[in-house]
>>> print(open('my_file.txt').read())   # compact mmCIF, C-alpha atoms
# COMPACT_ATOMS: atom_id res chain seq x y z
CA MET A 4 38.45 -46.61 9.48
CA GLU A 5 38.77 -47.25 13.20
CA THR A 6 35.49 -47.62 14.99
CA LEU A 7 34.91 -46.31 18.50
CA GLU A 8 34.30 -49.88 19.58
CA ARG A 9 37.71 -50.98 18.36
CA ILE A 10 39.50 -47.95 19.77
CA ILE A 11 37.98 -48.53 23.19
CA ALA A 12 38.57 -52.27 23.12
CA GLU A 13 42.25 -51.74 22.20
CA HIS A 14 42.95 -48.88 24.62
CA PRO A 15 45.35 -50.14 27.34
CA PHE A 16 42.86 -49.17 30.03
CA PHE A 17 40.14 -51.41 28.62
CA VAL A 18 42.20 -54.25 27.19
CA GLY A 19 40.52 -57.56 28.03
CA LEU A 20 37.14 -55.98 28.74
CA ASP A 21 34.23 -58.21 27.74
CA GLY A 22 32.79 -57.29 24.32
CA SER A 23 29.31 -56.66 25.69
CA PHE A 24 30.76 -54.12 28.15
CA VAL A 25 32.68 -52.43 25.34
CA SER A 26 29.39 -52.00 23.47
CA LEU A 27 27.87 -50.40 26.55
CA MET A 28 30.85 -48.05 26.75
CA VAL A 29 30.55 -47.08 23.10
CA SER A 30 27.03 -45.80 23.67
CA CYS A 31 28.55 -43.26 26.13
CA ALA A 32 31.61 -42.37 24.02
CA SER A 33 32.56 -39.72 21.49
CA ASN A 34 35.71 -38.53 19.70
CA VAL A 35 37.09 -35.19 20.89
CA ARG A 36 40.02 -32.90 20.03
CA PHE A 37 41.66 -30.12 22.01
CA GLU A 38 44.01 -27.50 20.63
CA ALA A 39 47.32 -27.09 22.41
CA GLY A 40 46.92 -24.69 25.33
CA THR A 41 43.19 -25.19 25.88
CA TYR A 42 41.83 -26.34 29.21
CA ILE A 43 40.12 -29.73 29.08
CA LEU A 44 38.79 -29.50 32.61
CA ARG A 45 38.88 -26.97 35.41
CA GLU A 46 38.96 -27.36 39.17
CA GLY A 47 35.51 -27.07 40.77
CA ASP A 48 33.55 -27.67 37.56
CA PRO A 49 31.12 -30.63 37.42
CA ALA A 50 32.99 -33.83 36.57
CA ASN A 51 30.86 -35.70 34.10
CA THR A 52 33.40 -36.98 31.61
CA PHE A 53 36.65 -38.89 31.48
CA TYR A 54 39.08 -39.21 28.60
CA LEU A 55 41.09 -41.94 26.97
CA ILE A 56 44.07 -40.10 25.51
CA ARG A 57 44.90 -41.20 21.95
CA GLU A 58 47.38 -38.53 20.94
CA GLY A 59 49.22 -35.65 22.59
CA LYS A 60 50.06 -34.76 26.14
CA VAL A 61 47.94 -33.32 28.94
CA ALA A 62 49.29 -31.40 31.95
CA VAL A 63 47.45 -31.79 35.26
CA GLU A 64 47.84 -28.50 37.12
CA VAL A 65 47.24 -27.15 40.59
CA LEU A 66 46.53 -23.48 41.01
CA ALA A 67 48.29 -21.79 43.89
CA PRO A 68 47.68 -18.20 45.02
CA GLN A 69 50.24 -15.68 43.71
CA HIS A 70 51.97 -18.45 41.83
CA LYS A 71 51.91 -19.70 38.29
CA PRO A 72 50.04 -23.01 37.90
CA ILE A 73 52.14 -25.97 39.05
CA ILE A 74 52.18 -29.03 36.80
CA ILE A 75 51.99 -32.06 39.05
CA SER A 76 51.82 -34.70 36.35
CA THR A 77 51.50 -35.21 32.64
CA LEU A 78 49.44 -37.85 30.89
CA SER A 79 50.07 -39.18 27.41
CA VAL A 80 48.93 -41.70 24.86
CA GLY A 81 47.26 -44.74 26.39
CA GLU A 82 46.43 -43.03 29.68
CA ILE A 83 43.24 -41.96 31.40
CA LEU A 84 42.38 -38.40 32.33
CA GLY A 85 39.89 -37.89 35.16
CA TRP A 86 38.26 -40.04 37.79
CA SER A 87 36.23 -37.42 39.69
CA TRP A 88 33.21 -38.39 37.56
CA LEU A 89 33.20 -41.64 39.57
CA VAL A 90 33.34 -40.20 43.07
CA SER A 91 30.77 -37.94 44.73
CA PRO A 92 30.46 -34.90 44.65
CA PHE A 93 31.53 -35.31 40.98
CA ARG A 94 33.64 -32.16 40.73
CA TRP A 95 37.13 -31.79 39.23
CA LYS A 96 39.92 -31.40 41.77
CA PHE A 97 42.52 -30.10 39.29
CA HIS A 98 42.91 -28.27 36.03
CA ALA A 99 43.97 -30.22 32.95
CA ARG A 100 45.49 -28.45 29.95
CA ALA A 101 46.38 -29.78 26.52
CA VAL A 102 50.15 -29.37 26.11
CA ASP A 103 50.02 -30.45 22.47
CA ASN A 104 47.07 -30.95 20.20
CA VAL A 105 45.20 -33.75 21.92
CA ARG A 106 42.94 -36.41 20.47
CA ALA A 107 40.88 -38.44 22.90
CA ILE A 108 37.78 -40.49 23.42
CA ALA A 109 35.44 -38.74 25.85
CA LEU A 110 33.24 -41.00 27.93
CA ASP A 111 30.12 -39.49 29.39
CA GLY A 112 30.41 -40.13 33.11
CA LYS A 113 26.72 -39.58 33.85
CA CYS A 114 25.79 -42.08 31.17
CA LEU A 115 28.36 -44.57 32.44
CA ARG A 116 27.34 -44.14 36.09
CA THR A 117 23.78 -45.02 35.11
CA LYS A 118 24.92 -48.08 33.20
CA CYS A 119 27.13 -49.18 36.12
CA GLU A 120 24.16 -48.87 38.50
CA GLU A 121 22.05 -50.96 36.15
CA ASN A 122 24.76 -53.54 35.52
CA HIS A 123 26.94 -54.19 38.56
CA ASP A 124 29.23 -56.53 36.65
CA LEU A 125 30.12 -53.62 34.41
CA GLY A 126 30.39 -51.36 37.47
CA TYR A 127 32.80 -53.78 39.16
CA GLU A 128 34.98 -54.01 36.02
CA VAL A 129 35.13 -50.23 35.73
CA LEU A 130 35.92 -49.80 39.43
CA LYS A 131 38.66 -52.45 39.34
CA ARG A 132 40.38 -50.68 36.49
CA PHE A 133 40.08 -47.25 38.06
CA ALA A 134 41.26 -48.60 41.42
CA GLN A 135 44.46 -49.76 39.73
CA ILE A 136 45.04 -46.34 38.19
CA MET A 137 44.34 -44.68 41.55
CA GLU A 138 46.80 -47.00 43.29
CA GLN A 139 49.54 -46.26 40.72
CA ARG A 140 48.97 -42.52 40.99
CA LEU A 141 48.87 -42.63 44.79
CA ASP A 142 52.21 -44.47 44.78
CA ALA A 143 53.69 -41.90 42.42
CA THR A 144 52.34 -39.05 44.54
CA ARG A 145 53.88 -40.53 47.68
CA LEU A 146 57.26 -40.73 45.98
CA GLN A 147 56.82 -37.19 44.68
CA LEU A 148 56.00 -35.95 48.20
CA LEU A 149 59.23 -37.46 49.53
CA ASP A 150 61.12 -34.97 47.36
CA VAL A 151 63.95 -37.48 47.12
CA TYR A 152 66.30 -35.29 45.11
CA ALA A 153 66.38 -32.48 47.66
CA VAL A 154 69.69 -31.80 49.40
CA ARG A 155 69.62 -33.13 52.97
CA ARG A 156 72.25 -31.58 55.20
CA MET B 22 86.31 -56.25 27.28
CA ILE B 23 86.38 -53.38 29.75
CA MET B 24 89.84 -52.54 30.99
CA ALA B 25 90.71 -53.77 34.46
CA THR B 26 91.22 -51.41 37.36
CA ALA B 27 94.81 -50.30 37.68
CA ILE B 28 96.00 -49.08 41.05
CA THR B 29 99.73 -49.16 40.76
CA THR B 30 100.53 -46.95 43.72
CA ASP B 31 99.73 -46.90 47.41
CA PRO B 32 95.90 -46.62 47.45
CA MET B 33 96.08 -44.19 50.36
CA LEU B 34 98.35 -41.80 48.48
CA PRO B 35 96.58 -39.18 46.35
CA GLN B 36 97.98 -38.61 42.89
CA PRO B 37 98.17 -35.04 41.62
CA TYR B 38 95.76 -34.15 38.82
CA SER B 39 95.30 -30.75 37.29
CA VAL B 40 91.95 -29.22 36.48
CA ARG B 41 91.42 -28.97 32.73
CA GLU B 42 87.82 -27.79 32.75
CA VAL B 43 84.97 -26.96 35.12
CA ALA B 44 81.58 -27.00 33.38
CA LYS B 45 78.38 -25.86 35.03
CA GLU B 46 75.61 -28.44 34.64
CA THR B 47 72.93 -26.98 36.95
CA PRO B 48 72.91 -24.13 39.49
CA ASP B 49 74.71 -26.33 42.05
CA THR B 50 76.29 -29.13 40.01
CA PHE B 51 79.51 -28.98 38.02
CA THR B 52 81.54 -31.38 35.92
CA LEU B 53 85.29 -31.37 36.49
CA THR B 54 87.71 -32.72 33.93
CA LEU B 55 91.07 -33.64 35.44
CA GLU B 56 94.26 -34.79 33.78
CA PRO B 57 97.13 -36.59 35.48
CA GLU B 58 100.19 -34.51 36.30
CA ASN B 59 102.41 -37.59 36.03
CA ALA B 60 102.55 -40.07 33.12
CA ASP B 61 99.94 -42.51 34.47
CA LYS B 62 96.95 -43.24 32.26
CA PRO B 63 93.87 -43.37 34.43
CA LEU B 64 91.89 -46.58 33.81
CA PHE B 65 88.51 -47.28 35.35
CA GLN B 66 85.39 -49.36 35.01
CA PRO B 67 82.01 -47.61 34.59
CA GLY B 68 80.46 -47.33 38.03
CA GLN B 69 83.72 -46.95 39.99
CA PHE B 70 84.54 -43.96 42.15
CA SER B 71 87.61 -42.01 43.25
CA MET B 72 88.48 -40.15 46.42
CA LEU B 73 89.02 -36.51 45.45
CA TRP B 74 91.12 -34.25 47.63
CA ALA B 75 90.43 -30.57 47.71
CA PHE B 76 93.81 -29.77 49.26
CA GLY B 77 93.51 -28.11 52.64
CA VAL B 78 89.77 -28.71 52.81
CA GLY B 79 88.90 -32.38 52.64
CA GLU B 80 88.51 -35.62 50.74
CA LEU B 81 85.33 -37.02 49.20
CA PRO B 82 84.17 -40.09 47.30
CA ILE B 83 82.96 -39.03 43.85
CA SER B 84 81.79 -41.34 41.06
CA ILE B 85 83.58 -41.13 37.75
CA SER B 86 81.20 -39.71 35.15
CA GLY B 87 83.38 -39.60 32.05
CA ASP B 88 83.98 -41.79 29.03
CA PRO B 89 85.98 -44.93 29.85
CA GLY B 90 87.24 -44.87 26.26
CA LEU B 91 89.21 -41.67 26.89
CA ASN B 92 92.17 -42.57 29.08
CA ASP B 93 93.91 -39.21 29.23
CA ARG B 94 91.50 -37.74 31.77
CA LEU B 95 89.08 -38.40 34.59
CA VAL B 96 85.72 -36.68 34.71
CA TYR B 97 83.57 -36.15 37.80
CA THR B 98 80.19 -34.53 38.27
CA VAL B 99 79.98 -32.91 41.68
CA ARG B 100 77.04 -31.35 43.47
CA SER B 101 78.09 -28.53 45.74
CA VAL B 102 76.46 -29.29 49.07
CA GLY B 103 79.25 -28.81 51.64
CA GLN B 104 82.66 -27.30 52.22
CA ALA B 105 84.72 -29.88 50.33
CA THR B 106 82.38 -30.14 47.33
CA HIS B 107 82.13 -26.35 47.26
CA SER B 108 85.91 -26.14 47.14
CA LEU B 109 86.10 -28.75 44.37
CA VAL B 110 83.61 -27.04 42.09
CA ASN B 111 85.35 -23.71 42.61
CA GLN B 112 88.72 -24.97 41.35
CA GLN B 113 90.24 -22.99 38.52
CA VAL B 114 91.74 -24.43 35.35
CA GLY B 115 95.30 -25.48 36.17
CA ASP B 116 94.67 -25.97 39.90
CA SER B 117 95.82 -29.19 41.48
CA VAL B 118 93.47 -31.79 42.96
CA GLY B 119 94.39 -35.08 44.65
CA VAL B 120 92.91 -38.30 43.29
CA ARG B 121 92.93 -41.73 44.92
CA GLY B 122 91.50 -44.71 43.13
CA PRO B 123 89.55 -45.73 41.18
CA PHE B 124 87.84 -47.92 43.76
CA GLY B 125 84.96 -50.34 44.06
CA THR B 126 82.94 -52.55 41.79
CA GLY B 127 81.67 -51.37 38.42
CA TRP B 128 78.48 -51.91 36.47
CA PRO B 129 78.33 -55.42 34.93
CA ALA B 130 79.09 -54.27 31.40
CA ASP B 131 80.51 -57.64 30.38
CA ALA B 132 77.60 -59.63 31.82
CA ALA B 133 75.15 -57.35 30.03
CA ARG B 134 76.67 -58.06 26.62
CA GLY B 135 74.08 -59.40 24.17
CA ARG B 136 71.20 -58.18 26.31
CA ASP B 137 69.06 -55.06 26.50
CA VAL B 138 70.34 -52.50 28.99
CA ILE B 139 67.86 -50.54 31.08
CA ILE B 140 69.33 -47.53 32.85
CA VAL B 141 67.23 -45.87 35.55
CA ALA B 142 68.72 -42.74 37.09
CA GLY B 143 67.49 -40.14 39.53
CA GLY B 144 69.05 -36.71 40.04
CA ILE B 145 72.83 -36.81 40.16
CA GLY B 146 72.56 -40.60 39.96
CA LEU B 147 72.93 -40.22 36.21
CA ALA B 148 76.61 -39.33 36.71
CA PRO B 149 77.85 -42.82 37.72
CA LEU B 150 75.76 -44.33 34.92
CA ARG B 151 77.05 -42.06 32.18
CA PRO B 152 80.31 -44.03 31.68
CA LEU B 153 78.23 -47.14 31.09
CA ILE B 154 76.05 -45.33 28.55
CA TYR B 155 79.21 -44.18 26.75
CA HIS B 156 80.51 -47.73 26.81
CA VAL B 157 77.29 -49.23 25.39
CA LEU B 158 77.09 -46.58 22.66
CA ARG B 159 80.76 -47.06 21.79
CA ASN B 160 80.20 -50.82 21.50
CA ARG B 161 76.67 -50.59 20.14
CA GLU B 162 76.68 -53.87 18.22
CA GLU B 163 77.54 -55.85 21.35
CA TYR B 164 74.36 -54.87 23.20
CA GLY B 165 70.64 -55.04 22.57
CA ARG B 166 68.36 -52.05 23.10
CA LEU B 167 69.43 -49.25 25.41
CA VAL B 168 66.65 -47.68 27.45
CA VAL B 169 67.49 -44.69 29.64
CA LEU B 170 64.87 -43.49 32.14
CA TYR B 171 65.93 -40.34 33.95
CA GLY B 172 64.13 -38.25 36.55
CA THR B 173 65.03 -35.12 38.45
CA ARG B 174 63.28 -32.69 40.71
CA SER B 175 62.73 -29.92 38.16
CA PRO B 176 63.88 -28.99 34.64
CA ARG B 177 66.69 -26.78 35.96
CA GLU B 178 68.25 -29.78 37.71
CA LEU B 179 68.57 -31.93 34.58
CA LEU B 180 72.13 -33.09 33.93
CA TYR B 181 73.76 -33.50 30.51
CA ARG B 182 70.78 -32.06 28.59
CA LYS B 183 72.50 -32.00 25.20
CA GLU B 184 73.83 -35.52 25.63
CA LEU B 185 70.41 -36.87 26.58
CA ALA B 186 69.09 -35.56 23.28
CA ALA B 187 72.11 -36.93 21.39
CA TRP B 188 71.85 -40.38 22.98
CA ALA B 189 68.21 -40.61 21.93
CA ARG B 190 69.28 -40.25 18.29
CA ASN B 191 71.22 -43.52 18.39
CA ARG B 192 69.67 -46.60 16.88
CA GLU B 193 67.85 -48.95 19.24
CA THR B 194 68.04 -46.34 21.99
CA GLN B 195 65.15 -44.85 23.92
CA VAL B 196 65.73 -41.96 26.31
CA LEU B 197 62.84 -40.80 28.49
CA VAL B 198 63.15 -37.86 30.85
CA THR B 199 60.81 -36.66 33.57
CA VAL B 200 60.75 -34.09 36.33
CA ASP B 201 58.86 -34.23 39.61
CA TYR B 202 57.63 -30.65 39.22
CA GLY B 203 57.39 -28.77 35.96
CA GLY B 204 56.88 -25.10 35.30
CA LEU B 205 54.64 -23.83 32.54
CA GLY B 206 57.58 -23.59 30.14
CA TRP B 207 58.39 -27.30 30.45
CA ARG B 208 56.86 -29.34 27.66
CA GLY B 209 58.26 -32.69 28.73
CA HIS B 210 56.95 -35.34 31.06
CA VAL B 211 56.04 -34.55 34.69
CA GLY B 212 55.90 -37.32 37.26
CA VAL B 213 58.30 -39.46 39.27
CA VAL B 214 60.75 -41.65 37.39
CA THR B 215 58.66 -44.80 37.90
CA THR B 216 55.89 -43.27 35.78
CA LEU B 217 58.19 -43.52 32.75
CA PHE B 218 58.00 -47.31 32.67
CA LYS B 219 54.66 -47.26 30.88
CA TYR B 220 56.27 -45.49 27.93
CA ALA B 221 59.40 -47.66 27.83
CA ARG B 222 59.69 -50.42 25.29
CA LEU B 223 61.11 -53.20 27.43
CA GLN B 224 61.85 -56.86 26.90
CA PRO B 225 62.31 -57.88 30.53
CA ALA B 226 63.37 -61.47 29.85
CA SER B 227 66.44 -60.34 27.95
CA SER B 228 67.30 -57.23 29.93
CA VAL B 229 69.69 -56.11 32.64
CA ALA B 230 68.75 -53.04 34.68
CA MET B 231 71.18 -50.66 36.36
CA VAL B 232 69.83 -48.15 38.80
CA CYS B 233 71.35 -45.18 40.60
CA GLY B 234 69.70 -42.42 42.58
CA PRO B 235 68.42 -41.68 46.06
CA GLU B 236 67.86 -44.93 47.93
CA ILE B 237 64.12 -44.42 48.32
CA MET B 238 63.81 -43.89 44.60
CA MET B 239 65.78 -47.08 43.95
CA ARG B 240 63.39 -49.04 46.20
CA PHE B 241 60.41 -47.84 44.19
CA VAL B 242 62.26 -48.54 40.94
CA THR B 243 63.20 -52.10 41.91
CA ARG B 244 59.55 -52.79 42.70
CA GLU B 245 58.59 -51.53 39.28
CA LEU B 246 61.34 -53.51 37.54
CA GLU B 247 60.17 -56.67 39.30
CA ALA B 248 56.58 -55.90 38.32
CA GLN B 249 57.80 -55.56 34.71
CA GLY B 250 59.23 -59.06 34.95
CA LEU B 251 62.95 -58.55 35.60
CA GLY B 252 64.61 -61.04 37.92
CA ARG B 253 66.36 -59.83 41.06
CA ASP B 254 69.66 -61.11 39.71
CA ASP B 255 69.29 -58.89 36.66
CA ILE B 256 68.94 -55.68 38.63
CA TYR B 257 72.01 -53.77 39.86
CA LEU B 258 72.07 -50.79 42.21
CA SER B 259 74.79 -48.32 43.11
CA MET B 260 74.80 -47.62 46.83
CA GLU B 261 76.18 -44.67 48.73
CA ARG B 262 77.45 -44.35 52.29
CA ASN B 263 80.02 -42.21 54.05
CA MET B 264 83.34 -43.50 52.68
CA LYS B 265 86.70 -42.57 54.17
CA CYS B 266 89.52 -44.97 53.35
CA ALA B 267 87.84 -46.45 50.23
CA VAL B 268 89.70 -49.75 50.62
CA GLY B 269 87.73 -51.52 53.34
CA PHE B 270 89.96 -50.70 56.33
CA CYS B 271 88.07 -48.09 58.28
CA GLY B 272 84.53 -49.46 58.28
CA HIS B 273 82.84 -46.09 57.83
CA CYS B 274 80.82 -47.35 54.90
CA GLN B 275 79.78 -50.66 56.43
CA TYR B 276 76.38 -51.76 55.15
CA GLY B 277 75.29 -54.95 56.87
CA PRO B 278 78.02 -57.48 56.03
CA HIS B 279 79.33 -55.33 53.15
CA PHE B 280 81.69 -52.42 52.78
CA ILE B 281 80.27 -50.14 50.14
CA CYS B 282 83.73 -48.96 49.08
CA LYS B 283 85.16 -52.42 48.49
CA ASP B 284 82.21 -54.78 47.88
CA GLY B 285 80.23 -52.05 46.11
CA PRO B 286 79.22 -49.42 45.25
CA VAL B 287 77.51 -51.56 42.59
CA PHE B 288 75.58 -54.49 44.04
CA ARG B 289 73.27 -57.05 42.58
CA TYR B 290 69.81 -56.25 43.97
CA GLU B 291 69.43 -59.75 45.41
CA GLN B 292 72.62 -59.21 47.47
CA ILE B 293 71.21 -56.23 49.34
CA ARG B 294 67.45 -56.56 49.01
CA LYS B 295 66.86 -57.39 52.66
CA LEU B 296 69.14 -54.58 53.82
CA LEU B 297 67.17 -52.07 51.78
CA GLU B 298 64.09 -52.99 53.79
CA LYS B 299 65.71 -52.28 57.17
CA TYR B 300 64.94 -49.09 59.02
CA GLU B 301 67.78 -46.68 59.74
CA LEU B 302 70.49 -48.80 58.11
>>> encode(input="my_file.txt", output="structure tokens")
Amino acid sequence: METLERIIAEHPFFVGLDGSFVSLMVSCASNVRFEAGTYILREGDPANTFYLIREGKVAVEVLAPQHKPIIISTLSVGEILGWSWLVSPFRWKFHARAVDNVRAIALDGKCLRTKCEENHDLGYEVLKRFAQIMEQRLDATRLQLLDVYAVRR
Amino acid sequence: MIMATAITTDPMLPQPYSVREVAKETPDTFTLTLEPENADKPLFQPGQFSMLWAFGVGELPISISGDPGLNDRLVYTVRSVGQATHSLVNQQVGDSVGVRGPFGTGWPADAARGRDVIIVAGGIGLAPLRPLIYHVLRNREEYGRLVVLYGTRSPRELLYRKELAAWARNRETQVLVTVDYGGLGWRGHVGVVTTLFKYARLQPASSVAMVCGPEIMMRFVTRELEAQGLGRDDIYLSMERNMKCAVGFCGHCQYGPHFICKDGPVFRYEQIRKLLEKYEL
């Protein structure tokens, strides 16, 4: 049987993380499941968790007035859902919906924030990894904003 | 071995072809199948283009999007964005269209033999790559893995939907599709084409990448391919500029020291890397 420790240590986001940090993570982690169609997080709600996706696909959505929700990205196996738990005021900026049945590891953001404050080496490791994800997603968003496939007359 | 280009007539003289089929791919994009009205068998290399005449309207460079193994026809996928393209896609079966070419350099199908082939396409950029995909699938044992990464703006703009699904069923073939914006009915991936790399099973040291799409997209893709470990000499791009004569006389398609029509459209990334970084070129 896979232990939480092993799952976290082998997740692409945490690969190479020092074993003692993995143990600290495990104390803030739990297994979760979401049925297809359910909302995992909603814009404006307190952001106190993030998820390591193990199975299934999650749609990140923006709500627009008089418009159906717009999917701006999807996240799948091996990816991270949510970083608002790390940045004040700790509120979700988007909705996230399970497209399929989703299995994930939920990490308690409040718990992890406390541990990062107590152990800055851990905090720095976590920030470095999230900074990389943020950079990749910012790059992708910039390219998306360029709307490169539009017809230019 | 891919057949060599055969231009047996005056390259400035259009040959008459008749329209066999016009198939709607997306709301504004159509695939035309043309067959020669004379006895010539049209030969081409994947990646080459022709100049298509809509008689009385105008002439345009259009990449060949059909199977190089079928030499009784030429197939083109055309997006209707102006008068001449509008006229082309509104041709009826049996109508006559002028064809010059094929012209330009093709994808390095021979050089890629024995290696994995990574195809990265954006929007209608899948059309010039489709002949290469046909070629690799037709000669499957001569190539390593085939990885196709394809992105468009939205689900309704996806080209060759059925074929994408069929290609994915081939052995040692991975096809990943994404859209920049998805509606609620779309269950596939949403994100720009570069976000597909994390799901692709690549072996960069033994791969050749071929990329076609809007130039900005290709810049982002080349960055990602380099980050994955591909060398600049193993990345090929298909470039597009305003082509008129298609044989390097007129200079309309000059791109730095190159003529896209004659020296391209397919270039090794290293050949044009510095030009891609220049403003307004």
>>> closest_residue(input="my_file.txt", among="B:Ser84, B:Tyr97, B:Gly103, B:Arg208", to="Ala39 in chain A", atoms="all atoms listed in the file")
B:Arg208
>>> residues_around(input="my_file.txt", residues="range 290-300 of chain B", least_positions_apart="3", cutoff="6 Å", atoms="only C-alpha atoms", output="PyMOL selection string")
chain B and resi 253-254+256-257
>>> closest_residue(input="my_file.txt", among="B:Val99, B:Thr50, B:Thr106, B:Val120", to="Leu34 in chain B", atoms="all atoms listed in the file")
B:Val120
>>> interface_residues(input="my_file.txt", of="chain A", to="chain B", cutoff="7 Å", atoms="all atoms listed in the file", output="ChimeraX atom specification")
/A:73-77,102,143,146-147,151-152
>>> write_last_selection(input="my_file.txt", atoms="C-alpha atoms", output="PDB file, in the frame of the given file")
ATOM      1  CA  ILE A  73      52.140 -25.970  39.050  1.00  0.00           C
ATOM      2  CA  ILE A  74      52.180 -29.030  36.800  1.00  0.00           C
ATOM      3  CA  ILE A  75      51.990 -32.060  39.050  1.00  0.00           C
ATOM      4  CA  SER A  76      51.820 -34.700  36.350  1.00  0.00           C
ATOM      5  CA  THR A  77      51.500 -35.210  32.640  1.00  0.00           C
ATOM      6  CA  VAL A 102      50.150 -29.370  26.110  1.00  0.00           C
ATOM      7  CA  ALA A 143      53.690 -41.900  42.420  1.00  0.00           C
ATOM      8  CA  LEU A 146      57.260 -40.730  45.980  1.00  0.00           C
ATOM      9  CA  GLN A 147      56.820 -37.190  44.680  1.00  0.00           C
ATOM     10  CA  VAL A 151      63.950 -37.480  47.120  1.00  0.00           C
ATOM     11  CA  TYR A 152      66.300 -35.290  45.110  1.00  0.00           C
TER      12      TYR A 152
END
>>> atom_distance(input="my_file.txt", atom1="CA of Ala101 in chain A", atom2="CA of Gly59 in chain A")
7.6 Å
>>> residues_around(input="my_file.txt", residues="Ile43 in chain A", least_positions_apart="5", cutoff="8 Å", atoms="all atoms listed in the file", output="list in words")
Phe37, His98, Ala99, Arg100 and Ala101 of chain A
>>> closest_residue(input="my_file.txt", among="A:Val154, A:Val61, A:Leu78, A:Leu115", to="Leu130 in chain A", atoms="all atoms listed in the file")
A:Leu115
>>> residues_around(input="my_file.txt", residues="range 50-58 of chain A", least_positions_apart="4", cutoff="6 Å", atoms="all atoms listed in the file", output="PDB file with C-alpha atoms, in the coordinates of the input")
ATOM      1  CA  VAL A  80      48.930 -41.700  24.860  1.00  0.00           C
ATOM      2  CA  GLY A  81      47.260 -44.740  26.390  1.00  0.00           C
ATOM      3  CA  GLU A  82      46.430 -43.030  29.680  1.00  0.00           C
ATOM      4  CA  ILE A  83      43.240 -41.960  31.400  1.00  0.00           C
ATOM      5  CA  LEU A  84      42.380 -38.400  32.330  1.00  0.00           C
ATOM      6  CA  GLY A  85      39.890 -37.890  35.160  1.00  0.00           C
ATOM      7  CA  SER A  87      36.230 -37.420  39.690  1.00  0.00           C
ATOM      8  CA  TRP A  88      33.210 -38.390  37.560  1.00  0.00           C
ATOM      9  CA  PHE A  93      31.530 -35.310  40.980  1.00  0.00           C
ATOM     10  CA  ARG A  94      33.640 -32.160  40.730  1.00  0.00           C
ATOM     11  CA  TRP A  95      37.130 -31.790  39.230  1.00  0.00           C
ATOM     12  CA  VAL A 105      45.200 -33.750  21.920  1.00  0.00           C
ATOM     13  CA  ARG A 106      42.940 -36.410  20.470  1.00  0.00           C
ATOM     14  CA  ALA A 107      40.880 -38.440  22.900  1.00  0.00           C
ATOM     15  CA  ILE A 108      37.780 -40.490  23.420  1.00  0.00           C
ATOM     16  CA  ALA A 109      35.440 -38.740  25.850  1.00  0.00           C
ATOM     17  CA  LEU A 110      33.240 -41.000  27.930  1.00  0.00           C
ATOM     18  CA  ASP A 111      30.120 -39.490  29.390  1.00  0.00           C
ATOM     19  CA  GLY A 112      30.410 -40.130  33.110  1.00  0.00           C
ATOM     20  CA  LYS A 113      26.720 -39.580  33.850  1.00  0.00           C
TER      21      LYS A 113
END
>>> atom_distance(input="my_file.txt", atom1="CA of Gly87 in chain B", atom2="CA of Asn160 in chain B")
15.7 Å
>>> atom_distance(input="my_file.txt", atom1="CA of Phe280 in chain B", atom2="CA of Gly127 in chain B")
14.4 Å
>>> axis_aligned_box(input="my_file.txt", around="range 110-118 of chain A", padding_each_side="4 Å", output="JSON")
{"center_x": 28.5, "center_y": -43.8, "center_z": 32.0, "size_x": 17.5, "size_y": 16.6, "size_z": 16.2}
>>> residues_around(input="my_file.txt", residues="Cys114 in chain A", least_positions_apart="6", cutoff="10 Å", atoms="all atoms listed in the file", output="PyMOL selection string")
chain A and resi 27-28+30-32+51-52
>>> write_last_selection(input="my_file.txt", atoms="C-alpha atoms", output="short mmCIF file (atom, residue, chain, number, x, y, z; two decimals), in the frame of the given file")
data_model
loop_
_atom_site.label_atom_id
_atom_site.label_comp_id
_atom_site.auth_asym_id
_atom_site.auth_seq_id
_atom_site.Cartn_x
_atom_site.Cartn_y
_atom_site.Cartn_z
CA LEU A 27 27.87 -50.40 26.55
CA MET A 28 30.85 -48.05 26.75
CA SER A 30 27.03 -45.80 23.67
CA CYS A 31 28.55 -43.26 26.13
CA ALA A 32 31.61 -42.37 24.02
CA ASN A 51 30.86 -35.70 34.10
CA THR A 52 33.40 -36.98 31.61
#
>>> decode(input="my_file.txt", residues="range 158-170 of chain B", atoms="C-alpha atoms", output="mmCIF file, in the first residue's frame")
data_model
loop_
_atom_site.group_PDB
_atom_site.id
_atom_site.type_symbol
_atom_site.label_atom_id
_atom_site.label_comp_id
_atom_site.auth_asym_id
_atom_site.auth_seq_id
_atom_site.Cartn_x
_atom_site.Cartn_y
_atom_site.Cartn_z
ATOM 1 C CA LEU B 158 2.613 6.387 -40.243
ATOM 2 C CA ARG B 159 2.958 4.851 -43.708
ATOM 3 C CA ASN B 160 6.606 4.014 -42.965
ATOM 4 C CA ARG B 161 6.111 3.324 -39.269
ATOM 5 C CA GLU B 162 9.002 0.894 -38.852
ATOM 6 C CA GLU B 163 11.507 3.450 -40.132
ATOM 7 C CA TYR B 164 10.842 5.939 -37.327
ATOM 8 C CA GLY B 165 10.867 5.920 -33.550
ATOM 9 C CA ARG B 166 8.003 7.319 -31.502
ATOM 10 C CA LEU B 167 5.659 9.865 -33.032
ATOM 11 C CA VAL B 168 4.441 12.582 -30.682
ATOM 12 C CA VAL B 169 1.890 15.085 -31.980
ATOM 13 C CA LEU B 170 1.129 18.153 -29.849
#
